[in-house]
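J.: If you scroll down you'll find the structure; I have some questions about it.
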Amino acid sequence: MGRPVNLYSFASVDNELAPNLRKYILDAQNEAFKRHDVFRIAVSGGSLPKTMAKALLAPSNGSPEDKVDFSKWEVFYADERCVPLTHEDSNHKLVKEEWLDKIPQDMAQPKVFPIDEGTLEDAQETADEYEKKLVNVFASRDSVKVPLFDLLLLGCGPDGHTCSLFPDHPLLRETEAWVLAINDSPKPPPKRITLSLPVVQAAAKIGFVATGGGKKDVLKQIFETEEGRNLPCGLVNGGAGEKVSWFCDTAATDGVSFPRRGSVI
């Protein structure tokens with residue numbers, strides 16, 4: 001690993017973390033527009049969509065750099081549960097209710113890529129169909145080793161998992177597939193799909209959002225121990241280095257000795 005990851009810690013989620021996350025996301029958006037005039041982002045569930053909504057739906061400061069242009073956004077899922085899109089366990093349902101449905105009508109709407117509900121009985125088929133969507137968007141499988149997302153926004157579980165990549169799971173060793181099926185998730189529901197570790201590590205930027213005192217033990221482990229560096233979040237840190245930024249509150253970083261950065265803004 002080259003330069004280390006960026007760890008930000010804020011006293012307030014609403015007043016400090018969300019505005020800094022907005023700047024971070026819009027910097028990634030604007031860099032992506034310069035590259036290919038589209039912004040391809042993959043997101044997870046949990047508390048992340050609510051924080052994204054606070055960040056992205058706040059009033060603009062009026063500068064061109066602070067303009068959200070959802071008309072050029074393509075939104076994918078870093079992982080998803082093999083349930084109908086209206087099911088309580090669906091990440092799409094969560095993202096839709098917490099963020100997408102709250103986008104004002106006078107703003108453009110992003111293009112969203114949910115899973116195919118017709119394949120839910122077979123997690124591998126669901127994964128294969130979602131990978132086909134990525135192939136269609138990111139060019140042919142033969143010409144691109146992995147899809148290059150402009151930004152991934154991820155969470156961190158109390159066990160150090162991210163996406164649906166769990167500690168010590170065989171899927172962590174997968175190097176070829178873009179989208180993986182999991183039938184034995186330690187957390188319900190058991191059938192899920194997830195981006196593979198190489199796809200996550202290849203993204204132009206990777207942002208973790210981890211808040212609350214329930215995260216401090218695993219963050220201390222990830223940032224300070226060899227065991228933690230082998231947890232899925234730690235493997236992302238190790239493989240992507242300075243491309244990774246953690247947005248945390250002081251409750252989550254309490255006792256973590258890893259050096260913090262001041263702010264993005």
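Residue numbers start at 1 in each chain; chains themselves are named A, B, ... in the order of the structure tokens; ligands are numbered from 1 in the order shown.
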Quick one: which range 141-201 of chain A residues come within 9 Å of range 236-244 of chain A, and what is the nearest atom pair for each with the distance in Å to one decimal, counting only C-alpha atoms, rows ordered by chain and ascending number, as JSON lines?
T.:
```
{"residue": "A:Leu197", "atom": "CA", "partner": "A:Val236", "partner_atom": "CA", "distance": 7.3}
{"residue": "A:Pro198", "atom": "CA", "partner": "A:Gly239", "partner_atom": "CA", "distance": 8.6}
{"residue": "A:Val200", "atom": "CA", "partner": "A:Val236", "partner_atom": "CA", "distance": 7.2}
{"residue": "A:Gln201", "atom": "CA", "partner": "A:Ala240", "partner_atom": "CA", "distance": 5.2}
```
J.: Name the residues in contact with Asp254 in chain A at a cut-off of 9 Å, using only C-alpha atoms, excluding same-chain residues fewer than 3 positions from it; report them as a ChimeraX atom specification.
T.: /A:213,216-217,220,249-251,257
J.: Report as a Markdown table the residues of range 112-168 of chain A within 12 Å of range 175-179 of chain A, each with its shortest atom pair and distance in Å (one decimal), using only C-alpha atoms, ordered by chain and increasing residue number.
T.:
```
| residue | atom | partner | partner_atom | distance |
| --- | --- | --- | --- | --- |
| A:Ile115 | CA | A:Val179 | CA | 11.5 |
| A:Ala123 | CA | A:Val179 | CA | 10.6 |
| A:Gln124 | CA | A:Val179 | CA | 9.1 |
| A:Glu125 | CA | A:Val179 | CA | 10.5 |
| A:Thr126 | CA | A:Val179 | CA | 9.2 |
| A:Ala127 | CA | A:Val179 | CA | 5.5 |
| A:Asp128 | CA | A:Val179 | CA | 7.0 |
| A:Glu129 | CA | A:Val179 | CA | 9.1 |
| A:Tyr130 | CA | A:Val179 | CA | 7.0 |
| A:Glu131 | CA | A:Val179 | CA | 5.5 |
| A:Lys132 | CA | A:Val179 | CA | 9.3 |
| A:Lys133 | CA | A:Val179 | CA | 10.3 |
| A:Leu134 | CA | A:Trp178 | CA | 8.4 |
| A:Val135 | CA | A:Trp178 | CA | 9.2 |
| A:Phe138 | CA | A:Trp178 | CA | 11.4 |
| A:Arg141 | CA | A:Trp178 | CA | 9.7 |
| A:Asp142 | CA | A:Glu176 | CA | 11.9 |
| A:Val144 | CA | A:Trp178 | CA | 10.8 |
| A:Lys145 | CA | A:Glu176 | CA | 8.4 |
| A:Val146 | CA | A:Trp178 | CA | 6.7 |
| A:Pro147 | CA | A:Trp178 | CA | 7.7 |
| A:Leu148 | CA | A:Trp178 | CA | 10.8 |
| A:Phe149 | CA | A:Trp178 | CA | 11.9 |
| A:Cys163 | CA | A:Val179 | CA | 11.1 |
| A:Ser164 | CA | A:Val179 | CA | 10.7 |
| A:Leu165 | CA | A:Val179 | CA | 11.1 |
```
J.: What would the file look like if the residues just selected were written as a JSON list (two decimals), in the first residue's frame with C-alpha atoms?
T.:
```
[["chain", "number", "residue", "atom", "x", "y", "z"],
["A", 115, "ILE", "CA", -31.56, -6.32, -9.50],
["A", 123, "ALA", "CA", -28.68, -16.09, -6.09],
["A", 124, "GLN", "CA", -26.09, -17.08, -8.70],
["A", 125, "GLU", "CA", -28.50, -16.23, -11.52],
["A", 126, "THR", "CA", -29.24, -12.89, -9.82],
["A", 127, "ALA", "CA", -25.50, -12.19, -9.62],
["A", 128, "ASP", "CA", -24.97, -13.21, -13.26],
["A", 129, "GLU", "CA", -27.79, -10.96, -14.46],
["A", 130, "TYR", "CA", -26.46, -8.02, -12.47],
["A", 131, "GLU", "CA", -22.97, -8.59, -13.86],
["A", 132, "LYS", "CA", -24.47, -8.48, -17.37],
["A", 133, "LYS", "CA", -25.87, -5.03, -16.53],
["A", 134, "LEU", "CA", -22.39, -3.91, -15.53],
["A", 135, "VAL", "CA", -20.90, -5.36, -18.71],
["A", 138, "PHE", "CA", -18.86, -0.52, -18.55],
["A", 141, "ARG", "CA", -16.13, -8.22, -20.51],
["A", 142, "ASP", "CA", -13.15, -8.89, -22.79],
["A", 144, "VAL", "CA", -12.36, -4.34, -19.28],
["A", 145, "LYS", "CA", -10.79, -6.39, -16.48],
["A", 146, "VAL", "CA", -13.05, -4.83, -13.86],
["A", 147, "PRO", "CA", -15.71, -2.09, -13.99],
["A", 148, "LEU", "CA", -14.27, 1.24, -12.85],
["A", 149, "PHE", "CA", -16.81, 3.00, -10.66],
["A", 163, "CYS", "CA", -21.00, -4.85, 0.91],
["A", 164, "SER", "CA", -21.93, -8.49, 1.51],
["A", 165, "LEU", "CA", -18.30, -9.51, 1.89]]
```
J.: Please identify all polymer residues within 12 Å of Glu31 in chain A, counting only C-alpha atoms, omitting same-chain residues fewer than 4 positions from it, and present them as a ChimeraX atom specification.
T.: /A:24-27,35-40,65,150-151,204-205
J.: Given the selection you just returned, output its residues as a file containing N, CA and C atoms, formatted as a PDB file, in the first residue's frame.
T.:
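What follows is the written file out-v4.pdb:
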```pdb
ATOM      1  N   TYR A  24     -17.267  15.834  -0.791  1.00  0.00           N
ATOM      2  CA  TYR A  24     -16.537  14.658  -1.274  1.00  0.00           C
ATOM      3  C   TYR A  24     -17.256  14.022  -2.471  1.00  0.00           C
ATOM      4  N   ILE A  25     -18.577  13.832  -2.352  1.00  0.00           N
ATOM      5  CA  ILE A  25     -19.345  13.221  -3.438  1.00  0.00           C
ATOM      6  C   ILE A  25     -19.335  14.113  -4.675  1.00  0.00           C
ATOM      7  N   LEU A  26     -19.526  15.414  -4.487  1.00  0.00           N
ATOM      8  CA  LEU A  26     -19.586  16.310  -5.638  1.00  0.00           C
ATOM      9  C   LEU A  26     -18.221  16.499  -6.286  1.00  0.00           C
ATOM     10  N   ASP A  27     -17.150  16.422  -5.509  1.00  0.00           N
ATOM     11  CA  ASP A  27     -15.814  16.416  -6.120  1.00  0.00           C
ATOM     12  C   ASP A  27     -15.664  15.189  -7.021  1.00  0.00           C
ATOM     13  N   ARG A  35     -14.061  13.251 -16.988  1.00  0.00           N
ATOM     14  CA  ARG A  35     -13.546  12.030 -17.628  1.00  0.00           C
ATOM     15  C   ARG A  35     -14.478  11.516 -18.712  1.00  0.00           C
ATOM     16  N   HIS A  36     -15.767  11.410 -18.409  1.00  0.00           N
ATOM     17  CA  HIS A  36     -16.670  10.772 -19.367  1.00  0.00           C
ATOM     18  C   HIS A  36     -18.097  11.296 -19.305  1.00  0.00           C
ATOM     19  N   ASP A  37     -18.324  12.435 -18.682  1.00  0.00           N
ATOM     20  CA  ASP A  37     -19.620  13.124 -18.695  1.00  0.00           C
ATOM     21  C   ASP A  37     -20.752  12.282 -18.115  1.00  0.00           C
ATOM     22  N   VAL A  38     -20.409  11.353 -17.230  1.00  0.00           N
ATOM     23  CA  VAL A  38     -21.399  10.565 -16.501  1.00  0.00           C
ATOM     24  C   VAL A  38     -20.769  10.219 -15.158  1.00  0.00           C
ATOM     25  N   PHE A  39     -21.604  10.021 -14.141  1.00  0.00           N
ATOM     26  CA  PHE A  39     -21.118   9.711 -12.794  1.00  0.00           C
ATOM     27  C   PHE A  39     -21.689   8.366 -12.379  1.00  0.00           C
ATOM     28  N   ARG A  40     -20.816   7.374 -12.285  1.00  0.00           N
ATOM     29  CA  ARG A  40     -21.236   6.012 -11.950  1.00  0.00           C
ATOM     30  C   ARG A  40     -20.872   5.720 -10.504  1.00  0.00           C
ATOM     31  N   GLU A  65     -19.261  24.244  -8.580  1.00  0.00           N
ATOM     32  CA  GLU A  65     -18.719  23.005  -8.028  1.00  0.00           C
ATOM     33  C   GLU A  65     -19.687  22.337  -7.057  1.00  0.00           C
ATOM     34  N   ASP A 150     -16.835   5.406 -10.473  1.00  0.00           N
ATOM     35  CA  ASP A 150     -16.291   6.707 -10.082  1.00  0.00           C
ATOM     36  C   ASP A 150     -16.278   6.862  -8.564  1.00  0.00           C
ATOM     37  N   LEU A 151     -17.252   6.239  -7.898  1.00  0.00           N
ATOM     38  CA  LEU A 151     -17.326   6.318  -6.439  1.00  0.00           C
ATOM     39  C   LEU A 151     -18.120   5.133  -5.910  1.00  0.00           C
ATOM     40  N   ALA A 204     -12.464   4.555  -8.466  1.00  0.00           N
ATOM     41  CA  ALA A 204     -11.663   5.780  -8.411  1.00  0.00           C
ATOM     42  C   ALA A 204     -11.625   6.353  -6.996  1.00  0.00           C
ATOM     43  N   LYS A 205     -12.764   6.282  -6.302  1.00  0.00           N
ATOM     44  CA  LYS A 205     -12.848   6.724  -4.909  1.00  0.00           C
ATOM     45  C   LYS A 205     -13.747   5.765  -4.145  1.00  0.00           C
TER      46      LYS A 205
END
```
J.: Considering only C-alpha atoms, can you say which of A:Phe70, A:Phe166, A:Phe258, A:Phe247 comes closest to Leu48 in chain A?
T.: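 Checking each of A:Phe70, A:Phe166, A:Phe258, A:Phe247 against Leu48 in chain A, counting only C-alpha atoms, the winner is A:Phe247.
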J.: For Leu171 in chain A, work out the shell of residues within 8 Å, counting only C-alpha atoms and skipping chain neighbours fewer than 4 positions away, then give it as a list in words.
T.: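 What passes the distance filter is Leu165, Leu180, Ile182 and Ser196 of chain A.
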J.: Got a sec: who's within 10 Å of Pro167 in chain A, counting only C-alpha atoms, leaving out chain neighbours fewer than 2 positions off, as a list in words?
T.: Asp159, Gly160, His161, Thr162, Ser164, Leu165, His169, Pro170, Leu171, Leu172, Pro186, Gly228, Asn230, Leu231, Pro232 and Cys233 of chain A
J.: Could you state the separation of CA of Gly118 in chain A and CA of Glu80 in chain A in Å, given to one decimal place?
T.: 14.4 Å
